[in-house]
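Have a look at structure-v8.pdb; it's PDB, C-alpha atoms:
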```pdb
MODEL        1
ATOM      1  CA  MET A   1       0.000   0.000   0.000
ATOM      2  CA  GLY A   2       2.879   2.363   0.704
ATOM      3  CA  ARG A   3       1.111   3.669   3.801
ATOM      4  CA  ARG A   4      -0.244   2.359   7.066
ATOM      5  CA  PRO A   5      -3.543   0.524   6.436
ATOM      6  CA  THR A   6      -6.614   2.104   7.972
ATOM      7  CA  LEU A   7      -9.719   0.542   9.450
ATOM      8  CA  ASP A   8     -11.530   1.283   6.165
ATOM      9  CA  ASP A   9      -8.807  -0.603   4.258
ATOM     10  CA  LEU A  10      -9.180  -3.508   6.641
ATOM     11  CA  ALA A  11     -12.964  -3.606   6.251
ATOM     12  CA  ARG A  12     -12.734  -3.592   2.424
ATOM     13  CA  HIS A  13     -10.076  -6.308   2.426
ATOM     14  CA  ALA A  14     -12.151  -8.501   4.748
ATOM     15  CA  GLY A  15     -15.391  -7.823   2.884
ATOM     16  CA  VAL A  16     -17.205  -6.533   5.971
ATOM     17  CA  SER A  17     -18.559  -3.214   7.152
ATOM     18  CA  ARG A  18     -16.365  -0.760   9.006
ATOM     19  CA  THR A  19     -18.451  -1.329  12.158
ATOM     20  CA  VAL A  20     -17.962  -5.101  12.008
ATOM     21  CA  ALA A  21     -14.229  -4.651  11.420
ATOM     22  CA  SER A  22     -13.980  -2.349  14.438
ATOM     23  CA  ARG A  23     -15.898  -4.764  16.665
ATOM     24  CA  ALA A  24     -13.748  -7.701  15.579
ATOM     25  CA  VAL A  25     -10.470  -5.825  16.112
ATOM     26  CA  ASN A  26     -11.537  -4.698  19.580
ATOM     27  CA  GLY A  27     -12.752  -8.145  20.618
ATOM     28  CA  GLU A  28     -16.359  -7.053  21.042
ATOM     29  CA  PRO A  29     -19.326  -9.462  20.848
ATOM     30  CA  ASN A  30     -22.004  -9.615  18.134
ATOM     31  CA  VAL A  31     -19.593 -10.601  15.342
ATOM     32  CA  SER A  32     -20.140 -13.910  13.578
ATOM     33  CA  PRO A  33     -17.286 -16.434  13.642
ATOM     34  CA  ALA A  34     -16.949 -16.253   9.857
ATOM     35  CA  LYS A  35     -16.635 -12.461   9.782
ATOM     36  CA  ARG A  36     -14.290 -12.473  12.769
ATOM     37  CA  ALA A  37     -12.068 -14.967  10.944
ATOM     38  CA  ALA A  38     -12.173 -12.833   7.768
ATOM     39  CA  VAL A  39     -11.048  -9.779   9.731
ATOM     40  CA  ALA A  40      -8.283 -11.769  11.403
ATOM     41  CA  ARG A  41      -6.984 -12.880   7.995
ATOM     42  CA  ALA A  42      -7.108  -9.303   6.726
ATOM     43  CA  VAL A  43      -5.205  -8.067   9.767
ATOM     44  CA  ALA A  44      -2.438 -10.596   9.059
ATOM     45  CA  GLU A  45      -2.334  -9.937   5.310
ATOM     46  CA  LEU A  46      -2.306  -6.146   5.596
ATOM     47  CA  GLY A  47      -0.145  -5.921   8.698
ATOM     48  CA  PHE A  48      -2.873  -3.831  10.288
ATOM     49  CA  VAL A  49      -2.008  -2.241  13.671
ATOM     50  CA  PRO A  50      -4.942  -0.644  15.561
ATOM     51  CA  ASN A  51      -4.540   3.011  16.365
ATOM     52  CA  ALA A  52      -4.301   3.244  20.156
ATOM     53  CA  THR A  53      -6.308   6.438  20.402
ATOM     54  CA  ALA A  54      -9.052   5.162  18.160
ATOM     55  CA  ARG A  55      -9.202   1.889  20.014
ATOM     56  CA  ALA A  56      -9.482   3.708  23.331
ATOM     57  CA  LEU A  57     -12.395   5.753  22.010
ATOM     58  CA  ALA A  58     -14.104   2.673  20.618
ATOM     59  CA  THR A  59     -13.753   0.600  23.772
ATOM     60  CA  ASN A  60     -13.837   3.401  26.369
ATOM     61  CA  ARG A  61     -10.524   2.041  27.645
ATOM     62  CA  ALA A  62      -7.010   3.428  27.795
ATOM     63  CA  GLY A  63      -5.283   0.151  26.963
ATOM     64  CA  ALA A  64      -2.825   0.609  29.831
ATOM     65  CA  VAL A  65      -2.499  -0.168  33.540
ATOM     66  CA  VAL A  66      -0.240   1.095  36.311
ATOM     67  CA  LEU A  67       1.995  -0.838  38.679
ATOM     68  CA  ALA A  68       2.685   1.577  41.538
ATOM     69  CA  VAL A  69       5.245   0.825  44.237
ATOM     70  CA  SER A  70       5.207   2.716  47.502
ATOM     71  CA  GLY A  71       8.878   3.659  47.328
ATOM     72  CA  ASP A  72      10.920   6.553  45.976
ATOM     73  CA  ASP A  73      14.332   4.964  45.352
ATOM     74  CA  PRO A  74      14.881   4.348  41.593
ATOM     75  CA  ALA A  75      17.175   1.434  42.510
ATOM     76  CA  LEU A  76      14.094  -0.350  43.821
ATOM     77  CA  VAL A  77      13.064  -1.501  40.344
ATOM     78  CA  ALA A  78      16.482  -3.157  39.914
ATOM     79  CA  ASP A  79      15.923  -5.292  43.024
ATOM     80  CA  PRO A  80      15.737  -8.958  41.894
ATOM     81  CA  PHE A  81      12.416  -9.351  43.723
ATOM     82  CA  TYR A  82      10.735  -6.565  41.760
ATOM     83  CA  VAL A  83      12.367  -7.691  38.519
ATOM     84  CA  GLU A  84      10.699 -11.084  38.922
ATOM     85  CA  VAL A  85       7.358  -9.467  39.789
ATOM     86  CA  ILE A  86       7.512  -7.255  36.694
ATOM     87  CA  VAL A  87       8.361 -10.233  34.459
ATOM     88  CA  GLY A  88       5.282 -12.050  35.766
ATOM     89  CA  VAL A  89       3.072  -8.989  35.326
ATOM     90  CA  ALA A  90       4.339  -8.228  31.829
ATOM     91  CA  GLY A  91       3.650 -11.730  30.508
ATOM     92  CA  VAL A  92      -0.038 -11.546  31.451
ATOM     93  CA  LEU A  93      -0.479  -7.975  30.203
ATOM     94  CA  GLU A  94       1.059  -8.854  26.852
ATOM     95  CA  GLU A  95      -1.559 -11.557  26.357
ATOM     96  CA  ALA A  96      -4.266  -9.059  27.349
ATOM     97  CA  ASP A  97      -2.855  -6.375  24.995
ATOM     98  CA  LEU A  98      -2.388  -3.916  27.835
ATOM     99  CA  ASP A  99       0.570  -1.564  28.255
ATOM    100  CA  LEU A 100       2.318  -1.228  31.612
ATOM    101  CA  THR A 101       3.323   1.983  33.360
ATOM    102  CA  LEU A 102       5.658   1.559  36.335
ATOM    103  CA  LEU A 103       5.425   4.293  38.939
ATOM    104  CA  LEU A 104       7.371   4.943  42.147
ATOM    105  CA  ALA A 105       4.738   6.749  44.142
ATOM    106  CA  ALA A 106       5.915   7.324  47.711
ATOM    107  CA  SER A 107       6.780  11.005  47.226
ATOM    108  CA  ASP A 108       4.230  13.811  46.943
ATOM    109  CA  ARG A 109       5.118  14.136  43.267
ATOM    110  CA  GLY A 110       4.652  10.420  42.664
ATOM    111  CA  ARG A 111       1.283  10.384  44.393
ATOM    112  CA  ALA A 112       0.180  13.412  42.349
ATOM    113  CA  ARG A 113       1.179  11.630  39.115
ATOM    114  CA  LEU A 114      -0.802   8.573  40.154
ATOM    115  CA  GLU A 115      -3.873  10.675  41.020
ATOM    116  CA  ARG A 116      -3.695  12.456  37.655
ATOM    117  CA  ALA A 117      -3.423   9.156  35.785
ATOM    118  CA  LEU A 118      -6.446   7.737  37.590
ATOM    119  CA  GLN A 119      -8.569  10.874  37.320
ATOM    120  CA  SER A 120      -7.823  11.440  33.644
ATOM    121  CA  ARG A 121      -8.688   7.826  32.787
ATOM    122  CA  ARG A 122      -5.274   7.283  31.207
ATOM    123  CA  THR A 123      -5.207   3.920  32.926
ATOM    124  CA  ASP A 124      -7.715   1.082  33.079
ATOM    125  CA  GLY A 125      -6.602  -0.163  36.480
ATOM    126  CA  LEU A 126      -4.004  -0.118  39.213
ATOM    127  CA  MET A 127      -1.721  -2.662  40.873
ATOM    128  CA  LEU A 128      -0.321  -1.305  44.142
ATOM    129  CA  MET A 129       2.610  -2.813  46.048
ATOM    130  CA  ALA A 130       4.650  -2.262  49.224
ATOM    131  CA  THR A 131       2.080  -0.167  51.071
ATOM    132  CA  ARG A 132       3.253   0.803  54.550
ATOM    133  CA  GLY A 133       1.060   1.249  57.613
ATOM    134  CA  ASP A 134      -1.493   3.970  56.916
ATOM    135  CA  ASP A 135      -0.033   4.603  53.466
ATOM    136  CA  PRO A 136      -1.591   7.630  51.696
ATOM    137  CA  LEU A 137      -1.479   5.620  48.482
ATOM    138  CA  LEU A 138      -4.214   3.427  49.922
ATOM    139  CA  THR A 139      -6.397   6.526  50.225
ATOM    140  CA  VAL A 140      -5.668   7.358  46.582
ATOM    141  CA  ALA A 141      -6.486   3.808  45.521
ATOM    142  CA  ARG A 142      -9.751   3.656  47.469
ATOM    143  CA  ALA A 143     -10.912   6.956  45.979
ATOM    144  CA  THR A 144     -10.688   5.801  42.360
ATOM    145  CA  GLU A 145     -13.437   4.105  40.388
ATOM    146  CA  SER A 146     -10.842   2.128  38.413
ATOM    147  CA  PRO A 147     -10.199  -1.483  39.434
ATOM    148  CA  VAL A 148      -7.424  -1.832  42.016
ATOM    149  CA  VAL A 149      -5.521  -4.961  43.084
ATOM    150  CA  LEU A 150      -3.115  -4.861  46.010
ATOM    151  CA  GLY A 151       0.103  -6.841  45.766
ATOM    152  CA  GLY A 152       0.313  -7.859  49.405
ATOM    153  CA  ARG A 153      -2.304  -7.062  52.013
ATOM    154  CA  PRO A 154      -1.919  -3.820  53.974
ATOM    155  CA  LEU A 155      -1.329  -3.802  57.717
ATOM    156  CA  HIS A 156      -4.602  -2.025  58.476
ATOM    157  CA  GLY A 157      -8.060  -1.594  57.001
ATOM    158  CA  ASP A 158     -10.071  -3.385  54.337
ATOM    159  CA  PRO A 159      -7.625  -4.767  51.755
ATOM    160  CA  GLY A 160     -10.219  -5.002  48.998
ATOM    161  CA  LEU A 161      -8.969  -7.211  46.156
ATOM    162  CA  TRP A 162      -5.476  -8.616  46.780
ATOM    163  CA  VAL A 163      -2.851 -11.164  45.821
ATOM    164  CA  ASP A 164      -0.433 -12.213  48.556
ATOM    165  CA  VAL A 165       1.997 -14.889  49.694
ATOM    166  CA  ASP A 166       1.369 -16.857  52.890
ATOM    167  CA  ASN A 167       4.245 -15.183  54.724
ATOM    168  CA  GLU A 168       3.133 -16.325  58.155
ATOM    169  CA  ASP A 169       3.352 -19.920  57.015
ATOM    170  CA  GLY A 170       6.750 -19.153  55.484
ATOM    171  CA  GLY A 171       8.037 -17.862  58.801
ATOM    172  CA  ARG A 172       6.718 -20.978  60.483
ATOM    173  CA  ARG A 173       8.536 -23.192  57.981
ATOM    174  CA  ALA A 174      11.828 -21.378  58.634
ATOM    175  CA  ALA A 175      11.524 -21.745  62.415
ATOM    176  CA  GLU A 176      10.444 -25.373  62.337
ATOM    177  CA  HIS A 177      13.384 -26.206  60.096
ATOM    178  CA  LEU A 178      15.856 -24.623  62.525
ATOM    179  CA  LEU A 179      14.240 -26.529  65.390
ATOM    180  CA  ALA A 180      14.606 -29.751  63.404
ATOM    181  CA  THR A 181      18.345 -29.072  63.121
ATOM    182  CA  GLY A 182      18.540 -28.851  66.921
ATOM    183  CA  ARG A 183      18.856 -25.063  67.273
ATOM    184  CA  ARG A 184      17.500 -23.517  70.459
ATOM    185  CA  ARG A 185      19.066 -20.031  70.656
ATOM    186  CA  VAL A 186      17.487 -18.340  67.680
ATOM    187  CA  GLY A 187      17.660 -14.787  66.383
ATOM    188  CA  ILE A 188      15.266 -13.176  63.906
ATOM    189  CA  ILE A 189      16.125 -10.289  61.581
ATOM    190  CA  THR A 190      12.844  -8.783  60.419
ATOM    191  CA  GLY A 191      12.385  -6.422  57.484
ATOM    192  CA  GLY A 192      10.532  -3.851  59.584
ATOM    193  CA  GLU A 193       7.192  -3.180  61.208
ATOM    194  CA  GLN A 194       5.554  -1.037  58.492
ATOM    195  CA  LEU A 195       4.955  -3.756  55.902
ATOM    196  CA  ARG A 196       2.662  -6.707  56.453
ATOM    197  CA  ALA A 197       4.986  -9.266  54.835
ATOM    198  CA  PRO A 198       7.839  -8.986  57.370
ATOM    199  CA  VAL A 199       5.352  -8.693  60.229
ATOM    200  CA  ASP A 200       3.699 -11.945  59.142
ATOM    201  CA  ARG A 201       7.057 -13.700  58.664
ATOM    202  CA  ARG A 202       8.150 -12.753  62.170
ATOM    203  CA  ARG A 203       4.789 -13.777  63.638
ATOM    204  CA  GLY A 204       4.900 -17.197  62.009
ATOM    205  CA  ALA A 205       8.431 -17.834  63.213
ATOM    206  CA  GLU A 206       7.715 -16.702  66.763
ATOM    207  CA  VAL A 207       4.574 -18.829  67.044
ATOM    208  CA  ALA A 208       6.503 -21.948  65.973
ATOM    209  CA  LEU A 209       9.402 -21.200  68.315
ATOM    210  CA  ARG A 210       7.118 -20.534  71.296
ATOM    211  CA  ALA A 211       5.287 -23.805  70.661
ATOM    212  CA  ALA A 212       8.665 -25.515  71.110
ATOM    213  CA  GLY A 213       9.479 -23.543  74.247
ATOM    214  CA  VAL A 214      12.145 -21.457  72.498
ATOM    215  CA  ASP A 215      12.425 -17.683  72.835
ATOM    216  CA  ALA A 216      13.665 -15.529  69.948
ATOM    217  CA  TRP A 217      15.828 -12.420  69.927
ATOM    218  CA  VAL A 218      14.651  -9.941  67.308
ATOM    219  CA  GLU A 219      16.462  -7.161  65.449
ATOM    220  CA  VAL A 220      15.089  -4.970  62.668
ATOM    221  CA  GLY A 221      16.632  -4.521  59.219
ATOM    222  CA  ASP A 222      15.425  -3.008  55.963
ATOM    223  CA  PHE A 223      15.819  -5.970  53.552
ATOM    224  CA  SER A 224      19.328  -4.849  52.518
ATOM    225  CA  ALA A 225      22.503  -6.892  53.026
ATOM    226  CA  GLU A 226      24.042  -4.037  54.994
ATOM    227  CA  SER A 227      21.164  -4.025  57.466
ATOM    228  CA  GLY A 228      21.587  -7.791  57.834
ATOM    229  CA  GLU A 229      25.241  -7.274  58.774
ATOM    230  CA  ARG A 230      24.411  -4.655  61.405
ATOM    231  CA  ALA A 231      21.466  -6.604  62.850
ATOM    232  CA  THR A 232      23.622  -9.744  63.215
ATOM    233  CA  ASP A 233      26.245  -7.720  65.078
ATOM    234  CA  ARG A 234      23.564  -6.556  67.500
ATOM    235  CA  LEU A 235      22.203 -10.076  67.949
ATOM    236  CA  LEU A 236      25.665 -11.437  68.771
ATOM    237  CA  GLU A 237      26.187  -8.683  71.314
ATOM    238  CA  ARG A 238      22.927  -9.643  72.989
ATOM    239  CA  ARG A 239      23.309 -13.399  72.589
ATOM    240  CA  PRO A 240      26.938 -14.468  71.992
ATOM    241  CA  ASP A 241      25.936 -18.160  71.969
ATOM    242  CA  LEU A 242      23.396 -17.713  69.158
ATOM    243  CA  ASP A 243      23.059 -20.963  67.207
ATOM    244  CA  GLY A 244      20.239 -20.212  64.726
ATOM    245  CA  LEU A 245      19.260 -17.227  62.644
ATOM    246  CA  ILE A 246      16.159 -16.452  60.533
ATOM    247  CA  ALA A 247      16.464 -13.499  58.157
ATOM    248  CA  GLY A 248      13.387 -11.959  56.556
ATOM    249  CA  SER A 249      15.088 -11.785  53.142
ATOM    250  CA  ASP A 250      17.965 -13.475  51.315
ATOM    251  CA  ASN A 251      19.779 -10.149  51.073
ATOM    252  CA  MET A 252      19.731  -9.743  54.856
ATOM    253  CA  ALA A 253      20.789 -13.369  55.259
ATOM    254  CA  ALA A 254      23.764 -12.766  52.939
ATOM    255  CA  GLY A 255      24.785  -9.819  55.131
ATOM    256  CA  ALA A 256      24.392 -12.004  58.216
ATOM    257  CA  LEU A 257      26.780 -14.576  56.744
ATOM    258  CA  ARG A 258      29.425 -11.895  56.268
ATOM    259  CA  THR A 259      29.144 -10.751  59.878
ATOM    260  CA  LEU A 260      29.212 -14.297  61.236
ATOM    261  CA  ARG A 261      32.366 -15.019  59.243
ATOM    262  CA  ALA A 262      33.991 -11.797  60.451
ATOM    263  CA  ARG A 263      33.131 -12.718  64.055
ATOM    264  CA  GLY A 264      34.671 -16.177  63.677
ATOM    265  CA  ARG A 265      31.386 -18.117  63.631
ATOM    266  CA  SER A 266      31.170 -21.120  61.331
ATOM    267  CA  VAL A 267      27.995 -21.644  59.279
ATOM    268  CA  PRO A 268      26.279 -24.033  59.758
ATOM    269  CA  ASP A 269      28.379 -25.645  62.525
ATOM    270  CA  ASP A 270      28.104 -22.749  65.004
ATOM    271  CA  VAL A 271      25.091 -20.920  63.568
ATOM    272  CA  ALA A 272      22.513 -22.198  61.082
ATOM    273  CA  VAL A 273      21.010 -19.507  58.841
ATOM    274  CA  VAL A 274      17.689 -19.468  56.953
ATOM    275  CA  GLY A 275      16.771 -16.721  54.465
ATOM    276  CA  TYR A 276      13.594 -15.820  52.637
ATOM    277  CA  ASP A 277      12.647 -15.358  48.935
ATOM    278  CA  ASP A 278      15.022 -17.777  47.115
ATOM    279  CA  LEU A 279      16.528 -15.016  45.000
ATOM    280  CA  PRO A 280      19.684 -15.722  42.924
ATOM    281  CA  VAL A 281      21.877 -14.521  45.810
ATOM    282  CA  ALA A 282      20.737 -17.544  47.825
ATOM    283  CA  GLN A 283      22.810 -19.842  45.612
ATOM    284  CA  GLN A 284      25.768 -17.449  45.395
ATOM    285  CA  THR A 285      26.605 -17.192  49.099
ATOM    286  CA  ASP A 286      29.144 -19.393  50.883
ATOM    287  CA  PRO A 287      27.586 -21.638  52.002
ATOM    288  CA  PRO A 288      24.470 -21.467  49.821
ATOM    289  CA  LEU A 289      21.389 -20.377  51.728
ATOM    290  CA  THR A 290      18.649 -22.531  53.047
ATOM    291  CA  THR A 291      15.661 -20.306  52.362
ATOM    292  CA  VAL A 292      11.899 -20.028  52.145
ATOM    293  CA  ARG A 293      10.941 -19.792  48.487
ATOM    294  CA  GLN A 294       8.040 -17.595  47.534
ATOM    295  CA  PRO A 295       6.700 -17.867  43.953
ATOM    296  CA  ILE A 296       7.631 -14.306  42.968
ATOM    297  CA  ARG A 297       7.056 -14.492  39.210
ATOM    298  CA  ARG A 298       3.753 -16.293  39.756
ATOM    299  CA  PHE A 299       2.847 -13.595  42.267
ATOM    300  CA  GLY A 300       3.293 -10.976  39.517
ATOM    301  CA  ALA A 301       1.292 -13.040  37.047
ATOM    302  CA  GLU A 302      -1.584 -13.557  39.501
ATOM    303  CA  LEU A 303      -1.546  -9.833  40.317
ATOM    304  CA  ALA A 304      -1.915  -8.882  36.659
ATOM    305  CA  ALA A 305      -4.465 -11.631  35.960
ATOM    306  CA  ALA A 306      -6.676 -10.433  38.818
ATOM    307  CA  LEU A 307      -6.574  -6.889  37.471
ATOM    308  CA  VAL A 308      -7.377  -7.982  33.908
ATOM    309  CA  GLN A 309     -10.375  -9.949  35.181
ATOM    310  CA  ALA A 310     -11.577  -6.963  37.197
ATOM    311  CA  ILE A 311     -11.211  -4.659  34.179
ATOM    312  CA  ASP A 312     -13.276  -7.115  32.137
ATOM    313  CA  GLY A 313     -15.987  -7.055  34.793
ATOM    314  CA  ARG A 314     -15.477 -10.660  35.815
ATOM    315  CA  ALA A 315     -15.716 -11.906  39.397
ATOM    316  CA  VAL A 316     -12.324 -12.050  41.115
ATOM    317  CA  GLU A 317     -11.330 -13.628  44.411
ATOM    318  CA  PRO A 318      -8.243 -12.821  46.521
ATOM    319  CA  VAL A 319      -5.282 -15.147  45.943
ATOM    320  CA  LEU A 320      -2.990 -16.501  48.689
ATOM    321  CA  LEU A 321       0.087 -18.267  47.318
ATOM    322  CA  PRO A 322       2.032 -20.962  49.205
ATOM    323  CA  THR A 323       5.707 -21.034  50.166
ATOM    324  CA  THR A 324       8.184 -23.910  50.127
ATOM    325  CA  LEU A 325      11.414 -24.533  52.021
ATOM    326  CA  VAL A 326      14.631 -25.033  50.029
ATOM    327  CA  VAL A 327      17.377 -26.726  52.078
ATOM    328  CA  ARG A 328      20.993 -25.843  51.263
ATOM    329  CA  GLY A 329      24.307 -25.647  53.058
ATOM    330  CA  SER A 330      23.605 -22.826  55.531
ATOM    331  CA  ALA A 331      21.138 -24.972  57.497
ATOM    332  CA  PRO A 332      21.222 -28.626  56.438
ATOM    333  CA  LEU A 333      19.296 -31.308  58.258
ATOM    334  CA  PRO A 334      21.431 -33.507  60.498
TER     335      PRO A 334
ENDMDL
END
```
Spell out the structure here as structure tokens.
Amino acid sequence: MGRRPTLDDLARHAGVSRTVASRAVNGEPNVSPAKRAAVARAVAELGFVPNATARALATNRAGAVVLAVSGDDPALVADPFYVEVIVGVAGVLEEADLDLTLLLAASDRGRARLERALQSRRTDGLMLMATRGDDPLLTVARATESPVVLGGRPLHGDPGLWVDVDNEDGGRRAAEHLLATGRRRVGIITGGEQLRAPVDRRRGAEVALRAAGVDAWVEVGDFSAESGERATDRLLERRPDLDGLIAGSDNMAAGALRTLRARGRSVPDDVAVVGYDDLPVAQQTDPPLTTVRQPIRRFGAELAAALVQAIDGRAVEPVLLPTTLVVRGSAPLP
């Protein structure tokens, strides 16, 4: 043709009306199978690409969704956890023909951008992650008429529609494994008290330890390796004979290993260590980490799938994903 084919070109090539061609391209009902197939063939033969603006007008949709993270550090999106989440999200959205906008929204500017996107209808829905305590982003999300799915339940209030991992059960698995290795002087490095995930992980571990008559010493980190180093130092000051350690992330566990080595403690002979996530770092430490695996990529896929269903007006139920324990050299069974 020498130019980009239009909807009129498509309709003529398929031998249907412009209205039928539009309905078929946009996946609307009331198109016969034969005409839908004719339009599909014409799309392939002409190399037709729907105009995004026209499609939005025809379907009353923007063709895009937002994944907002309650954080303001650009390095956050390079974290292996979020990389895996985004991969899972992107695979589902590609099948649904939806574009993805990633937004760091903890700052006033980020929240304002999110509010503008929702109010202007430039997005068909919102996925919201890492909400902290009484996060103002939750207020923004609850004020919109667009579908919203939370990646992880908030600490307080009605979570609405959510996808989460059973972190309490994961914490329990970590503690019960350490108990099975004979450890009785256990420290916990939690990722903080403002996010539900680390709170649930700590709760699950403490419940399992108490059931066995074992007390835990707790220090707070921030999911980084550096915070794991510092928290382990504090634990050893409080409990020099520590023989077991649960870290709320693999990064913190990797930091803990460095501190234990610097303080002359052998892992796992003196101290057994269990991490959380099963990120690549878990297999790169010396020794490799025993860890609680959460299905991160599946978590992203379920998050996006729930949003797509909500956008389509279908019934959606919350999703709670299971964890599994992966045993490696930092805490082997006897």
Which residues are close to stretch 173-184 of chain A, i.e. within 7 Å by all atoms listed in the file, leaving aside same-chain residues fewer than 3 positions away? Reply as a VMD selection string.
chain A and resid 169 to 170 205 208 to 209 214 243 to 244 246 274 292 325 333 to 334
Can you translate the PyMOL selection byres ((chain A and resi 103) around 12) into the concrete residues it hits in this file, as a ChimeraX atom specification?
/A:65-74,76-77,86,100-102,104-107,109-115,117,126-129,137
Residues matched by the PyMOL selection byres ((chain A and resi 248) around 12), written as a ChimeraX atom specification
/A:167-168,170-172,174-175,187-193,195-205,218-225,227-228,231,245-247,249-256,273-278,291-294
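Between A:Leu289 and the candidates A:Ala331, A:Asp312, A:Arg36, A:Glu302, the tightest atom-to-atom separation, counting all atoms listed in the file, involves A:Ala331.
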What does the structure give for the distance between atom CA of A:Ala44 and atom CA of A:Asp97, in Å to one decimal?
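Separation of atom CA of A:Ala44 and atom CA of A:Asp97: 16.5 Å.
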Atomic distance atom CA of A:Phe48 - atom CA of A:Val20, expressed in Å with one decimal
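Rounded to one decimal, the two atoms are 15.2 Å apart.
Remark: for A:Ala304, the closest of the candidate residues A:Gly47, A:Ser22, A:Gln119, A:Val149 is A:Val149 (distances computed over only C-alpha atoms).
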